[in-house]
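> TSV, C-alpha atoms, file input-v5.tsv:
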chain	number	residue	atom	x	y	z
I	1	MET	CA	52.04	86.34	134.09
I	2	ALA	CA	48.72	85.23	132.59
I	3	ASP	CA	48.22	81.50	132.10
I	4	ALA	CA	46.78	82.01	128.63
I	5	LEU	CA	46.01	84.69	126.11
I	6	SER	CA	42.41	85.79	125.64
I	7	ASP	CA	40.52	84.47	122.61
I	8	ARG	CA	39.99	88.06	121.48
I	9	THR	CA	43.73	88.76	121.50
I	10	ILE	CA	44.44	85.56	119.56
I	11	ASP	CA	41.87	86.47	116.90
I	12	ILE	CA	43.15	90.03	116.49
I	13	VAL	CA	46.83	89.04	116.29
I	14	LYS	CA	46.09	86.37	113.67
I	15	ALA	CA	44.00	88.85	111.67
I	16	THR	CA	46.91	91.29	111.44
I	17	ILE	CA	49.46	88.73	110.17
I	18	PRO	CA	48.63	89.21	106.44
I	19	ALA	CA	49.35	92.94	106.74
I	20	LEU	CA	52.65	92.27	108.49
I	21	GLU	CA	53.61	89.71	105.85
I	22	LYS	CA	52.82	92.17	103.07
I	23	GLY	CA	55.05	94.77	104.70
I	24	GLY	CA	58.07	92.49	104.78
I	25	THR	CA	60.65	93.78	107.25
I	26	ALA	CA	59.06	97.24	107.53
I	27	VAL	CA	57.86	96.73	111.12
I	28	THR	CA	61.09	95.24	112.43
I	29	ASP	CA	63.22	97.75	110.54
I	30	ARG	CA	61.24	100.55	112.17
I	31	MET	CA	61.34	98.79	115.55
I	32	TYR	CA	65.14	98.65	115.54
I	33	GLN	CA	65.29	102.25	114.32
I	34	ILE	CA	63.28	103.33	117.38
I	35	LEU	CA	65.10	100.98	119.73
I	36	PHE	CA	68.58	102.08	118.70
I	37	THR	CA	67.95	105.74	119.47
I	38	ASN	CA	68.89	104.61	122.99
I	39	PRO	CA	72.68	103.99	122.82
I	40	ASP	CA	72.61	101.80	125.93
I	41	ILE	CA	70.13	99.46	124.26
I	42	ARG	CA	71.86	99.66	120.87
I	43	ASP	CA	75.15	98.52	122.42
I	44	LEU	CA	73.50	95.34	123.73
I	45	PHE	CA	73.15	94.02	120.18
I	46	ASN	CA	75.49	92.66	117.54
I	47	GLN	CA	75.32	95.43	114.95
I	48	SER	CA	76.74	93.20	112.19
I	49	HIS	CA	73.31	91.55	112.15
I	50	HIS	CA	71.58	94.89	111.73
I	51	GLY	CA	73.05	97.74	109.68
I	52	GLU	CA	75.86	95.65	108.20
I	53	THR	CA	73.84	92.67	106.92
I	54	GLY	CA	70.20	93.19	107.90
I	55	SER	CA	69.90	89.51	108.81
I	56	GLN	CA	68.51	90.21	112.28
I	57	SER	CA	65.55	92.21	110.95
I	58	LYS	CA	64.70	89.39	108.53
I	59	ALA	CA	65.02	86.77	111.25
I	60	LEU	CA	62.87	88.75	113.69
I	61	THR	CA	60.23	89.35	111.03
I	62	ALA	CA	60.03	85.60	110.45
I	63	ALA	CA	59.83	85.03	114.21
I	64	VAL	CA	57.06	87.59	114.70
I	65	ILE	CA	55.01	86.12	111.85
I	66	ALA	CA	55.58	82.57	113.14
I	67	TYR	CA	54.50	83.68	116.60
I	68	GLY	CA	51.34	85.28	115.24
I	69	ARG	CA	50.46	82.26	113.12
I	70	ASN	CA	50.98	79.84	116.00
I	71	ILE	CA	49.87	82.01	118.90
I	72	ASP	CA	47.31	79.40	119.91
I	73	ASN	CA	49.83	76.53	119.57
I	74	LEU	CA	53.17	77.80	120.89
I	75	GLY	CA	54.56	74.31	121.37
I	76	VAL	CA	55.61	74.27	117.70
I	77	LEU	CA	57.87	77.27	118.38
I	78	ALA	CA	59.86	75.64	121.19
I	79	SER	CA	63.11	75.43	119.25
I	80	ARG	CA	62.83	79.02	118.04
I	81	VAL	CA	62.13	80.25	121.58
I	82	GLU	CA	65.17	78.36	122.87
I	83	ARG	CA	67.35	79.93	120.18
I	84	ILE	CA	66.15	83.39	121.19
I	85	THR	CA	66.78	82.79	124.90
I	86	GLN	CA	70.30	81.52	124.19
I	87	LYS	CA	71.06	84.66	122.15
I	88	HIS	CA	69.62	86.86	124.90
I	89	VAL	CA	71.71	85.20	127.60
I	90	ALA	CA	74.83	85.51	125.45
I	91	LEU	CA	74.16	89.27	125.12
I	92	ASN	CA	73.28	89.62	128.82
I	93	ILE	CA	69.71	90.76	128.11
I	94	LEU	CA	67.92	91.34	131.43
I	95	PRO	CA	64.24	91.79	132.45
I	96	GLU	CA	64.64	95.57	132.65
I	97	HIS	CA	65.41	95.69	128.93
I	98	TYR	CA	62.11	94.19	127.80
I	99	HIS	CA	59.95	97.29	128.17
I	100	PHE	CA	62.19	99.16	125.70
I	101	VAL	CA	61.48	96.48	123.09
I	102	ALA	CA	57.74	96.59	123.84
I	103	GLU	CA	57.60	100.35	123.27
I	104	ALA	CA	59.62	100.06	120.06
I	105	LEU	CA	57.58	97.16	118.66
I	106	LEU	CA	54.20	98.75	119.35
I	107	GLY	CA	55.45	102.08	118.05
I	108	ALA	CA	56.65	100.41	114.86
I	109	ILE	CA	53.34	98.60	114.34
I	110	LYS	CA	51.52	101.91	114.74
I	111	ASP	CA	53.84	103.73	112.33
I	112	VAL	CA	53.76	101.04	109.63
I	113	LEU	CA	50.09	99.99	109.78
I	114	GLY	CA	48.80	103.53	110.19
I	115	ASP	CA	45.02	103.72	110.66
I	116	ALA	CA	44.83	99.92	110.74
I	117	ALA	CA	46.74	99.98	114.04
I	118	THR	CA	43.71	100.73	116.17
I	119	ASP	CA	43.83	100.87	119.94
I	120	GLU	CA	42.34	97.37	119.96
I	121	VAL	CA	45.11	96.03	117.69
I	122	LEU	CA	47.86	97.67	119.73
I	123	GLU	CA	46.37	96.37	122.98
I	124	ALA	CA	46.22	92.82	121.55
I	125	TRP	CA	49.83	92.93	120.36
I	126	GLY	CA	50.88	94.38	123.70
I	127	GLU	CA	49.24	91.48	125.54
I	128	ALA	CA	50.80	88.99	123.09
I	129	TYR	CA	54.25	90.55	123.46
I	130	TRP	CA	54.27	90.46	127.25
I	131	PHE	CA	52.94	86.91	127.29
I	132	LEU	CA	55.94	85.80	125.19
I	133	ALA	CA	58.31	88.10	127.10
I	134	ASP	CA	57.32	86.48	130.39
I	135	LEU	CA	58.07	83.04	128.91
I	136	LEU	CA	61.47	84.23	127.69
I	137	MET	CA	62.39	85.92	130.96
I	138	ALA	CA	61.48	82.82	132.96
I	139	ARG	CA	63.64	80.60	130.74
I	140	GLU	CA	66.50	83.12	130.75
I	141	SER	CA	66.35	83.35	134.55
I	142	ASN	CA	66.81	79.58	134.75
I	143	ILE	CA	69.78	79.70	132.36
I	144	TYR	CA	71.46	82.55	134.24
I	145	ALA	CA	71.05	80.63	137.49
I	146	ARG	CA	72.53	77.46	135.97
I	147	LEU	CA	75.49	79.35	134.53
I	148	ALA	CA	76.25	81.05	137.84
I	149	ALA	CA	76.00	77.78	139.79
I	150	ALA	CA	78.10	75.71	137.37
I	151	SER	CA	81.69	74.89	138.27
I	152	GLY	CA	83.72	77.67	136.65
I	153	GLY	CA	80.52	79.43	135.56
I	154	TRP	CA	79.62	83.11	135.60
I	155	ASN	CA	77.06	85.70	134.49
I	156	GLY	CA	77.70	88.82	132.44
I	157	TRP	CA	81.19	89.67	131.23
I	158	ARG	CA	84.37	88.03	132.49
I	159	ASP	CA	87.92	89.08	131.62
I	160	PHE	CA	89.91	86.56	129.57
I	161	ALA	CA	93.48	86.99	128.38
I	162	VAL	CA	94.84	85.69	125.11
I	163	GLU	CA	97.34	83.01	126.14
I	164	SER	CA	98.56	82.18	122.63
I	165	THR	CA	97.59	82.41	118.97
I	166	GLU	CA	98.17	80.18	115.97
I	167	LEU	CA	97.68	80.88	112.27
I	168	GLU	CA	95.66	77.89	111.02
I	169	SER	CA	95.45	79.00	107.37
I	170	GLU	CA	95.85	82.17	105.33
I	171	VAL	CA	92.52	83.44	106.69
I	172	ILE	CA	91.87	81.65	110.01
I	173	ARG	CA	93.69	82.26	113.29
I	174	SER	CA	93.10	80.47	116.60
I	175	PHE	CA	93.20	82.16	120.00
I	176	ILE	CA	93.61	80.31	123.30
I	177	LEU	CA	91.79	82.24	126.06
I	178	VAL	CA	92.24	81.88	129.82
I	179	PRO	CA	90.45	83.84	132.59
I	180	THR	CA	92.51	86.57	134.20
I	181	ASP	CA	91.25	85.58	137.66
I	182	GLY	CA	93.12	82.28	137.36
I	183	GLN	CA	90.00	80.27	138.17
I	184	ALA	CA	88.47	77.37	136.24
I	185	VAL	CA	86.08	77.80	133.33
I	186	MET	CA	82.79	75.99	132.95
I	187	ARG	CA	82.50	72.99	130.68
I	188	HIS	CA	80.90	74.06	127.42
I	189	ARG	CA	78.75	71.80	125.29
I	190	PRO	CA	80.68	70.98	122.10
I	191	GLY	CA	79.23	73.21	119.39
I	192	GLN	CA	78.41	76.23	121.58
I	193	TYR	CA	79.81	79.73	121.12
I	194	LEU	CA	81.23	82.58	123.19
I	195	THR	CA	80.05	86.18	122.93
I	196	PHE	CA	82.64	88.98	123.06
I	197	ALA	CA	82.25	92.65	123.95
I	198	LEU	CA	85.00	94.44	122.03
I	199	ASP	CA	86.05	98.07	122.08
I	200	VAL	CA	87.55	98.58	118.64
I	201	PRO	CA	89.16	101.99	117.96
I	202	GLY	CA	87.16	103.83	115.33
I	203	ALA	CA	84.32	101.30	115.44
I	204	GLY	CA	83.02	101.64	119.01
I	205	HIS	CA	81.46	98.83	121.04
I	206	LEU	CA	81.05	95.60	119.10
I	207	LYS	CA	79.36	92.33	120.08
I	208	ARG	CA	80.39	89.19	118.24
I	209	ASN	CA	79.81	85.45	118.61
I	210	TYR	CA	82.58	82.94	117.88
I	211	SER	CA	82.21	79.18	118.16
I	212	ILE	CA	84.46	77.37	120.61
I	213	SER	CA	86.74	75.17	118.50
I	214	SER	CA	88.20	73.02	121.29
I	215	ALA	CA	86.99	70.22	123.51
I	216	PRO	CA	86.19	71.18	127.12
I	217	ASP	CA	89.27	71.17	129.39
I	218	GLY	CA	88.23	73.22	132.44
I	219	ARG	CA	90.94	75.87	132.07
I	220	SER	CA	90.64	77.53	128.65
I	221	TYR	CA	88.66	78.05	125.47
I	222	ARG	CA	89.86	78.19	121.89
I	223	ILE	CA	88.19	80.21	119.17
I	224	SER	CA	89.23	80.12	115.52
I	225	VAL	CA	88.36	83.30	113.66
I	226	LYS	CA	88.23	83.94	109.92
I	227	ARG	CA	89.51	87.29	108.69
I	228	GLU	CA	86.56	88.65	106.70
I	229	THR	CA	87.82	90.36	103.54
I	230	ARG	CA	85.38	89.29	100.83
I	231	PRO	CA	85.16	91.48	97.69
I	232	GLY	CA	82.16	93.77	97.76
I	233	VAL	CA	81.62	93.26	101.49
I	234	PRO	CA	82.86	95.66	104.20
I	235	PRO	CA	85.88	94.19	106.04
I	236	GLY	CA	84.97	92.41	109.26
I	237	LEU	CA	85.55	95.01	111.97
I	238	ALA	CA	85.91	92.51	114.79
I	239	SER	CA	87.63	89.69	112.93
I	240	ASN	CA	90.25	91.99	111.41
I	241	TRP	CA	90.93	93.64	114.76
I	242	LEU	CA	91.42	90.25	116.43
I	243	HIS	CA	93.80	89.11	113.69
I	244	ASP	CA	95.82	92.31	113.76
I	245	HIS	CA	95.80	93.30	117.44
I	246	ALA	CA	94.80	90.42	119.76
I	247	ALA	CA	98.18	89.07	120.92
I	248	PRO	CA	99.27	87.15	124.02
I	249	GLY	CA	98.26	89.25	127.01
I	250	THR	CA	95.35	91.04	125.30
I	251	VAL	CA	92.32	91.06	127.62
I	252	LEU	CA	88.85	90.44	126.19
I	253	LYS	CA	85.42	90.56	127.82
I	254	VAL	CA	83.63	87.24	127.38
I	255	ALA	CA	80.13	85.97	128.19
I	256	PRO	CA	79.54	82.32	129.22
I	257	PRO	CA	79.17	79.60	126.57
I	258	ALA	CA	75.75	79.67	124.93
I	259	GLY	CA	73.80	78.19	122.05
I	260	GLU	CA	71.28	75.43	121.42
I	261	PHE	CA	73.43	73.78	118.72
I	262	PHE	CA	75.65	71.19	120.41
I	263	LEU	CA	76.64	67.54	120.26
I	264	ASP	CA	74.41	65.04	122.04
I	265	GLU	CA	77.10	63.37	124.12
I	266	LYS	CA	74.68	60.80	125.55
I	267	ASP	CA	74.15	59.31	122.10
I	268	ASP	CA	76.70	56.66	121.17
I	269	GLY	CA	75.39	56.07	117.63
I	270	PRO	CA	77.22	57.08	114.43
I	271	VAL	CA	77.68	60.78	113.84
I	272	VAL	CA	78.59	62.82	110.77
I	273	LEU	CA	80.29	66.19	111.35
I	274	LEU	CA	79.83	68.18	108.16
I	275	SER	CA	81.28	71.64	107.56
I	276	GLY	CA	82.22	74.20	104.96
I	277	GLY	CA	84.85	76.93	105.36
I	278	VAL	CA	85.13	78.37	108.86
I	279	GLY	CA	82.06	76.31	109.80
I	280	LEU	CA	84.57	73.71	110.94
I	281	THR	CA	84.99	75.46	114.31
I	282	PRO	CA	82.09	73.83	116.24
I	283	MET	CA	82.76	70.58	114.37
I	284	MET	CA	86.34	70.53	115.67
I	285	SER	CA	85.06	70.96	119.22
I	286	MET	CA	82.79	67.95	118.68
I	287	LEU	CA	85.52	65.88	117.02
I	288	GLU	CA	88.04	66.55	119.80
I	289	THR	CA	85.43	65.74	122.45
I	290	ILE	CA	84.57	62.37	120.91
I	291	ALA	CA	88.24	61.51	120.32
I	292	ARG	CA	89.21	62.32	123.90
I	293	SER	CA	86.26	60.43	125.36
I	294	GLY	CA	87.57	57.13	124.01
I	295	SER	CA	83.96	56.09	123.44
I	296	GLY	CA	84.60	54.44	120.10
I	297	ARG	CA	81.56	56.21	118.66
I	298	PRO	CA	81.77	56.03	114.83
I	299	VAL	CA	82.53	59.49	113.44
I	300	TRP	CA	82.75	60.84	109.90
I	301	TYR	CA	84.43	64.26	109.83
I	302	ILE	CA	83.75	65.75	106.39
I	303	HIS	CA	84.97	69.22	105.48
I	304	GLY	CA	84.86	71.34	102.35
I	305	ALA	CA	87.30	74.17	101.60
I	306	GLU	CA	88.31	76.12	98.52
I	307	ASN	CA	91.90	74.85	98.70
I	308	GLY	CA	94.79	74.18	101.04
I	309	ARG	CA	95.60	77.86	101.50
I	310	VAL	CA	92.36	78.47	103.41
I	311	HIS	CA	91.90	74.98	104.88
I	312	ALA	CA	92.32	75.14	108.66
I	313	MET	CA	93.12	72.33	111.11
I	314	GLY	CA	93.39	69.66	108.44
I	315	GLU	CA	96.51	68.10	109.92
I	316	HIS	CA	94.95	68.18	113.38
I	317	ALA	CA	91.85	66.32	112.16
I	318	ARG	CA	93.98	63.68	110.43
I	319	ALA	CA	96.11	63.29	113.56
I	320	LEU	CA	93.02	62.62	115.66
I	321	ALA	CA	91.83	60.06	113.10
I	322	SER	CA	95.21	58.31	113.09
I	323	GLN	CA	94.88	57.75	116.83
I	324	ALA	CA	91.36	56.35	116.76
I	325	ARG	CA	89.89	53.71	114.45
I	326	ASN	CA	86.39	55.12	114.92
I	327	ILE	CA	87.18	58.42	113.13
I	328	THR	CA	87.07	58.82	109.33
I	329	VAL	CA	88.22	62.12	107.80
I	330	SER	CA	87.26	63.20	104.27
I	331	THR	CA	88.26	66.57	102.83
I	332	PHE	CA	86.95	68.24	99.66
I	333	TYR	CA	88.79	71.03	97.81
I	334	ASN	CA	86.62	72.97	95.37
I	335	THR	CA	89.50	74.67	93.52
I	336	PRO	CA	92.80	72.96	94.44
I	337	VAL	CA	95.99	74.93	93.87
I	338	GLN	CA	99.26	73.59	92.55
I	339	ASP	CA	100.63	72.56	95.96
I	340	ASP	CA	97.48	70.64	96.92
I	341	GLN	CA	98.07	66.91	96.51
I	342	LEU	CA	95.10	64.57	96.10
I	343	GLY	CA	95.32	61.80	98.67
I	344	VAL	CA	97.64	63.85	100.85
I	345	HIS	CA	96.04	67.22	101.53
I	346	TYR	CA	92.53	66.40	100.35
I	347	ASP	CA	90.48	63.37	99.36
I	348	GLU	CA	87.90	64.60	96.86
I	349	PRO	CA	87.82	67.43	94.27
I	350	GLY	CA	84.79	69.67	93.97
I	351	LEU	CA	81.94	70.21	96.40
I	352	ILE	CA	80.40	67.90	98.97
I	353	THR	CA	77.12	66.50	97.65
I	354	ALA	CA	74.19	64.72	99.22
I	355	ASP	CA	74.71	61.84	96.78
I	356	TRP	CA	78.31	61.38	98.00
I	357	LEU	CA	77.09	61.42	101.60
I	358	ALA	CA	74.42	58.83	100.78
I	359	ARG	CA	77.11	56.52	99.36
I	360	ASN	CA	79.70	57.05	102.08
I	361	THR	CA	77.85	57.62	105.36
I	362	PRO	CA	75.07	55.67	107.14
I	363	ILE	CA	72.19	57.97	106.27
I	364	GLN	CA	69.51	56.00	108.13
I	365	GLU	CA	71.48	55.58	111.37
I	366	ALA	CA	73.70	58.65	111.74
I	367	ALA	CA	73.09	61.99	113.42
I	368	TYR	CA	74.26	64.81	111.14
I	369	TYR	CA	75.72	68.06	112.51
I	370	LEU	CA	76.27	70.84	109.97
I	371	CYS	CA	77.83	74.29	110.02
I	372	GLY	CA	78.95	76.53	107.18
I	373	PRO	CA	77.95	79.38	104.85
I	374	ARG	CA	74.29	79.79	103.99
I	375	PRO	CA	74.55	78.26	100.45
I	376	PHE	CA	76.38	75.25	101.90
I	377	LEU	CA	73.71	74.70	104.56
I	378	ARG	CA	70.88	75.20	102.10
I	379	ALA	CA	72.31	72.57	99.75
I	380	MET	CA	73.22	70.10	102.49
I	381	VAL	CA	70.09	70.29	104.64
I	382	GLY	CA	67.73	70.08	101.70
I	383	GLY	CA	69.85	67.44	99.97
I	384	LEU	CA	70.11	65.22	103.04
I	385	ALA	CA	66.38	65.44	103.67
I	386	ARG	CA	65.61	64.45	100.08
I	387	THR	CA	68.14	61.62	100.27
I	388	GLY	CA	66.23	60.07	103.14
I	389	VAL	CA	67.94	61.31	106.28
I	390	PRO	CA	65.22	61.78	108.95
I	391	LEU	CA	64.71	65.47	109.68
I	392	GLY	CA	65.15	64.80	113.38
I	393	SER	CA	68.68	63.57	112.65
I	394	ILE	CA	69.80	66.81	110.95
I	395	HIS	CA	71.20	69.47	113.30
I	396	TYR	CA	72.69	72.72	112.09
I	397	GLU	CA	73.95	76.10	113.21
I	398	PHE	CA	72.03	78.79	111.36
I	399	PHE	CA	70.93	82.34	112.08
I	400	GLY	CA	67.48	83.00	110.69
I	401	PRO	CA	64.35	81.08	109.64
I	402	ALA	CA	65.27	77.42	109.30
I	403	ASP	CA	62.62	76.62	106.70
I	404	GLU	CA	64.69	78.58	104.13
I	405	LEU	CA	67.13	75.68	104.10
I	406	LEU	CA	64.55	72.97	103.53
I	407	ALA	CA	62.95	74.90	100.67
I	408	ALA	CA	66.07	74.74	98.48
Give the structure from this file in structure tokens form.

Amino acid sequence: MADALSDRTIDIVKATIPALEKGGTAVTDRMYQILFTNPDIRDLFNQSHHGETGSQSKALTAAVIAYGRNIDNLGVLASRVERITQKHVALNILPEHYHFVAEALLGAIKDVLGDAATDEVLEAWGEAYWFLADLLMARESNIYARLAAASGGWNGWRDFAVESTELESEVIRSFILVPTDGQAVMRHRPGQYLTFALDVPGAGHLKRNYSISSAPDGRSYRISVKRETRPGVPPGLASNWLHDHAAPGTVLKVAPPAGEFFLDEKDDGPVVLLSGGVGLTPMMSMLETIARSGSGRPVWYIHGAENGRVHAMGEHARALASQARNITVSTFYNTPVQDDQLGVHYDEPGLITADWLARNTPIQEAAYYLCGPRPFLRAMVGGLARTGVPLGSIHYEFFGPADELLAA
């Protein structure tokens, strides 16, 4: 691995960025098209982020452009690099896979840029790719080693059986998972996710990430999955299969906990756990962890749902708050139904707003953790920042370029 890129390579890569920006996702779309002609490589990826939503191509385009713009100052990309390595480890991406991506990326650049993709340009992008790839592989090697050495840890896929399930709302079901080998499981960081390799009849091999919704206990994990059935959107292949077919005894292949979004357990300052819809899952892991620690850390657990029919784990959150003076629970229902009682099932009508948070939470002192649908995150991240919450105190789970949220 070279210690630094050549000045010539840096100049050429930066000079090609305007052309890549003008082309939008053309290069990454073509790259994935080339890459996925190999079924072994295609099956490594979560296809819901590709053909089903296209979000991965957009996110990679943003990452490639950010890399090119900052190729002489990679320190500013540290958080993005960490997010990529966590995703790679969750999918069990190994060093032998990187040359396939190199061939596909350079082939896509050549196809899309045409005559502008001279040998000099392709050589520069090849050098830039392998420089970044070496950084990623080194970091991923360290993570794999840590996971394997951790108590209850593992690499690759491990068989877990569904121990029990519980319907949390009309659309969300929880699954308690225990390893079939009867051994312990590693302690996850509250907020992290598990990756699943599922063989779904009629749909083939699927990869999906689901946040762990429980505090660490050394023996099991809980995931809470929303059945995806939105109008105008294809039904969620994995989520519907889990709801309909994953019963006690069902065996699932699971990768170790991953993700760079997690609670800072060393901090004992006030914390606000803010979620919308099924975004409550990592928040519940954080809430349970703080409650069980007995630390007394001040916590505001604030959740928004459409109504009581789809609101999951509300009673559980209130039960945790009733046992600890340091926990405050506030629930918003956007469109309450007849059975929803204000002051009993929910506390506020409508949507969570930054103004409400400014009045009811310590915006200058608290750390804010957010998870939810894209519109929710866009409104909350931008709103909190404009309200005066320091950017370093806002943490969120989001797939894609983070600056989209701050621009709202």
> Would you kindly identify which residues have an atom no farther than 7 Å from (76.1, 69.2, 111.1), using all atoms listed in the file and the file's own coordinates, and write them out as a list in words?
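The residues near that point, listed by chain and number, are Val272, Leu273, Leu274, Ser275, Tyr368, Tyr369, Leu370, Cys371, Ile394, His395 and Tyr396 of chain I.
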> Looking at all atoms listed in the file, which of I:Met283, I:Leu122, I:Ala324, I:Ala184 is the one that sits closest to Gly296 of chain I?
I:Ala324
> May I have the residues within 10 Å of Gly153 of chain I as an MDAnalysis selection string, using all atoms listed in the file and disregarding those fewer than 3 positions away in the same chain?
chainID I and resid 144:150 158 183:188 255:257
> Keeping only C-alpha atoms, write the selected residues to a file as a PDB file, in the coordinates of the input.

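And here is the file that came out, result.pdb:
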ATOM      1  CA  TYR I 144      71.460  82.550 134.240  1.00  0.00           C
ATOM      2  CA  ALA I 145      71.050  80.630 137.490  1.00  0.00           C
ATOM      3  CA  ARG I 146      72.530  77.460 135.970  1.00  0.00           C
ATOM      4  CA  LEU I 147      75.490  79.350 134.530  1.00  0.00           C
ATOM      5  CA  ALA I 148      76.250  81.050 137.840  1.00  0.00           C
ATOM      6  CA  ALA I 149      76.000  77.780 139.790  1.00  0.00           C
ATOM      7  CA  ALA I 150      78.100  75.710 137.370  1.00  0.00           C
ATOM      8  CA  ARG I 158      84.370  88.030 132.490  1.00  0.00           C
ATOM      9  CA  GLN I 183      90.000  80.270 138.170  1.00  0.00           C
ATOM     10  CA  ALA I 184      88.470  77.370 136.240  1.00  0.00           C
ATOM     11  CA  VAL I 185      86.080  77.800 133.330  1.00  0.00           C
ATOM     12  CA  MET I 186      82.790  75.990 132.950  1.00  0.00           C
ATOM     13  CA  ARG I 187      82.500  72.990 130.680  1.00  0.00           C
ATOM     14  CA  HIS I 188      80.900  74.060 127.420  1.00  0.00           C
ATOM     15  CA  ALA I 255      80.130  85.970 128.190  1.00  0.00           C
ATOM     16  CA  PRO I 256      79.540  82.320 129.220  1.00  0.00           C
ATOM     17  CA  PRO I 257      79.170  79.600 126.570  1.00  0.00           C
TER      18      PRO I 257
END
> Atom CA of His243 of chain I and atom CA of Asp217 of chain I, how far apart in Å?
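Atom CA of Asp217 of chain I sits 24.3 Å away from atom CA of His243 of chain I.
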> Mind pulling up the distance from atom CA of Asp119 of chain I to atom CA of Leu20 of chain I?
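Separation of atom CA of Leu20 of chain I and atom CA of Asp119 of chain I: 16.8 Å.
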> My list of candidates is I:Ala66, I:Leu136, I:Val329, I:Ile109. Which is closest to Asp29 of chain I when distances are computed with only C-alpha atoms?
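So, comparing all the options, the nearest one is I:Ile109.
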> At a cut-off of 6 Å from (59.7, 103.0, 120.4) in the coordinates of the file, what residues are picked up using only C-alpha atoms, written as a PyMOL selection string?
chain I and resi 34-35+103-104+107
